[in-house]
Amino acid sequence: MEVFARSAAAPVTGLSPLARVTTLVQTQLDLVEARIIEQAAAFDPAIEGYVTYAIGGRGKRLRPLVALLAGGATGQINSGHVDLAVIVELIHLATLVHDDIMDEAERRRSQPTVNARWGNSLSVLLGDCLFAHALNLSTSFDNSEISRAIARTASEICSGEMIQTQRRFDLKLSVEDYLRIVKMKTGSLFAAAAELGATISEADAAIIKILKDFGMRVGTAYQIYDDCLDIAGNESATGKTLGTDLRKGKFTLPMLIFLRSASEFERERCSSFILDGRCEEVTEILKNRSANGALDESIAAGSDLIREAQTNIESLPSNAHLEGLFALGDALREMFEQLRT
């Protein structure tokens, strides 16, 4: 009997769709959580407290979840998968520290950001320390290709962030440019989690490629969700500072779709609002579904990417963990739909 029915899972009382997926690998996720907390002790005592703070706010742990499910979909989950899950989450946490500095964000996971507490200089170095520590942990794999892939992914993430920063306030940024940036800065880590989860299970090359593509599509979709959330979300519900994208001149998918179909007058008006710091007015324009469908179209684009990811893994041999990947896609699509309300 399947643990999950593809795209038609019956709800479990008291659990969100995403929480329901995590129950499949909860034992391993608990190990990952404990290992992440333990990492603070690997640093000099003088900075251990900062590391503990940075890694202490428990998030969704989506990247570890993808790594574990991909490992289970292609074999037995082992200690190598747990190691991988810890590493990809540490890389993600490093990017969050740096993102909050660039966005001047004040809250993350319902607590003050590292930069809000200790300033930018210390926060930059802390993010660097987390990156370096994750790369150091990756050298413990017997298969050196895994550590090389993790290093390439870290480089890809940083390059994507640099290109996004370079293109701030760029009205010539296209949807295609945006998607390339998103794949680099977010999709690549999801792709590595899925790819290397299967690699550790010694899956066939064709299966590894399919799962890597799954991770890339899901990760790209998740960034689109996060960008839509920055416009349509509620700060008290999300526990983090919202509205930073427009304030920092980062034109995300809803904005780009709006600009693509807007009149010259509307483009100039929105541009002047952003340059004048009147970003709340632009947000209200993007949220106004009766005037434009930019937000809904962005939501649909993210949902479509997830459906494509699910379709691509239909050819793989079915087991409970593969069904978990399908269910993860369903949970993310439901998160998109909640943005419509």
# chains A, B, ... in the order shown; residues from 1 in each chain; ligands from 1
>>> select_by_dssp(residues="stretch 71-249 of chain A", states="strand (DSSP E or B)", output="list of chain:residue names")
A:Arg107, A:Arg108, A:Gln111, A:Pro112
>>> residues_around(residues="stretch 19-28 of chain A", least_positions_apart="4", cutoff="8 Å", atoms="only C-alpha atoms", output="PyMOL selection string")
chain A and resi 12+15+32+65+68-69+82+321+324+327-328
>>> residues_around(residues="A:Arg109", least_positions_apart="2", cutoff="8 Å", atoms="only C-alpha atoms", output="PyMOL selection string")
chain A and resi 57-59+107+111+238-240
>>> write_last_selection(atoms="C-alpha atoms", output="PDB file, in the first residue's frame")
ATOM      1  CA  GLY A  57      15.904  29.317  13.828  1.00  0.00           C
ATOM      2  CA  ARG A  58      14.397  26.165  12.398  1.00  0.00           C
ATOM      3  CA  GLY A  59      13.036  26.670   8.898  1.00  0.00           C
ATOM      4  CA  ARG A 107      13.554  39.745  10.834  1.00  0.00           C
ATOM      5  CA  GLN A 111      13.649  36.691  15.277  1.00  0.00           C
ATOM      6  CA  THR A 238       5.871  34.558   7.608  1.00  0.00           C
ATOM      7  CA  GLY A 239       8.082  35.751  10.458  1.00  0.00           C
ATOM      8  CA  LYS A 240      10.390  37.667   8.125  1.00  0.00           C
TER       9      LYS A 240
END
>>> residues_around(residues="A:Leu259", least_positions_apart="3", cutoff="10 Å", atoms="only C-alpha atoms", output="CSV table (one decimal) with C-alpha atoms, in the first residue's frame")
chain,number,residue,atom,x,y,z
A,171,LEU,CA,14.2,47.9,-16.6
A,172,LYS,CA,15.6,45.9,-19.4
A,174,SER,CA,13.7,40.1,-19.1
A,251,PHE,CA,12.6,43.0,-10.2
A,253,LEU,CA,8.6,37.7,-11.9
A,254,PRO,CA,5.4,39.5,-10.9
A,255,MET,CA,7.0,42.9,-11.6
A,256,LEU,CA,8.5,41.7,-14.9
A,262,ALA,CA,2.1,47.7,-19.1
A,263,SER,CA,1.5,50.8,-21.1
A,264,GLU,CA,4.3,53.3,-21.4
A,266,GLU,CA,2.2,52.6,-16.3
A,267,ARG,CA,5.9,51.7,-16.8
A,268,GLU,CA,7.1,55.3,-16.1
A,270,CYS,CA,5.9,52.4,-11.5
A,271,SER,CA,9.6,53.3,-12.2
A,294,ALA,CA,0.8,39.6,-13.0
>>> select_by_dssp(residues="stretch 97-297 of chain A", states="helix (DSSP H, G or I)", output="ChimeraX atom specification")
/A:97-103,114-118,120-138,144-166,175-200,205-232,235-238,244-247,253-261,264-275,279-287,294-297
>>> closest_atom_pairs(of="stretch 167-282 of chain A", to="stretch 131-146 of chain A", cutoff="9 Å", atoms="only C-alpha atoms", output="JSON lines")
{"residue": "A:Leu196", "atom": "CA", "partner": "A:Ile146", "partner_atom": "CA", "distance": 6.7}
{"residue": "A:Thr199", "atom": "CA", "partner": "A:Ile146", "partner_atom": "CA", "distance": 8.0}
{"residue": "A:Ile200", "atom": "CA", "partner": "A:Ile146", "partner_atom": "CA", "distance": 8.4}
>>> write_last_selection(atoms="C-alpha atoms", output="PDB file, in the first residue's frame")
ATOM      1  CA  LEU A 196      23.702  13.912  -4.951  1.00  0.00           C
ATOM      2  CA  THR A 199      24.481   9.652  -6.395  1.00  0.00           C
ATOM      3  CA  ILE A 200      25.086   8.502  -2.817  1.00  0.00           C
TER       4      ILE A 200
END
>>> residues_around(residues="A:Val124", least_positions_apart="3", cutoff="12 Å", atoms="only C-alpha atoms", output="ChimeraX atom specification")
/A:50,54,94-102,114-115,118-121,127-131
>>> closest_residue(among="A:Ala301, A:Lys250, A:Phe326, A:Lys183", to="A:Thr165", atoms="only C-alpha atoms")
A:Lys250
>>> atom_distance(atom1="atom CA of A:Ala73", atom2="atom CA of A:Ser16")
22.1 Å
>>> closest_residue(among="A:Ser201, A:Ser303, A:Ser159, A:Ser318", to="A:Arg217", atoms="only C-alpha atoms")
A:Ser303
>>> closest_residue(among="A:Ala203, A:Ala154, A:Pro17, A:Gly215", to="A:Lys185", atoms="only C-alpha atoms")
A:Ala154
>>> atom_distance(atom1="atom CA of A:Thr311", atom2="atom CA of A:Phe336")
18.3 Å
>>> residues_around(residues="A:Ile36", least_positions_apart="3", cutoff="10 Å", atoms="only C-alpha atoms", output="MDAnalysis selection string")
chainID A and resid 30:33 39:40 52 55:56 83 85:87 89:90
>>> residues_around(residues="A:Lys209", least_positions_apart="4", cutoff="7 Å", atoms="only C-alpha atoms", output="list in words")
Glu195, Ala205 and Asp213 of chain A
>>> closest_residue(among="A:Asp304, A:Leu173, A:Ile91, A:Gly329", to="A:Val66", atoms="only C-alpha atoms")
A:Gly329
>>> closest_residue(among="A:Leu122, A:Ala46, A:Leu275, A:Leu179", to="A:Thr252", atoms="only C-alpha atoms")
A:Leu179
>>> closest_residue(among="A:Leu322, A:Ala149, A:Ala191, A:Ile157", to="A:Pro64", atoms="only C-alpha atoms")
A:Ala191
>>> atom_distance(atom1="atom CA of A:Tyr222", atom2="atom CA of A:Ser261")
24.2 Å
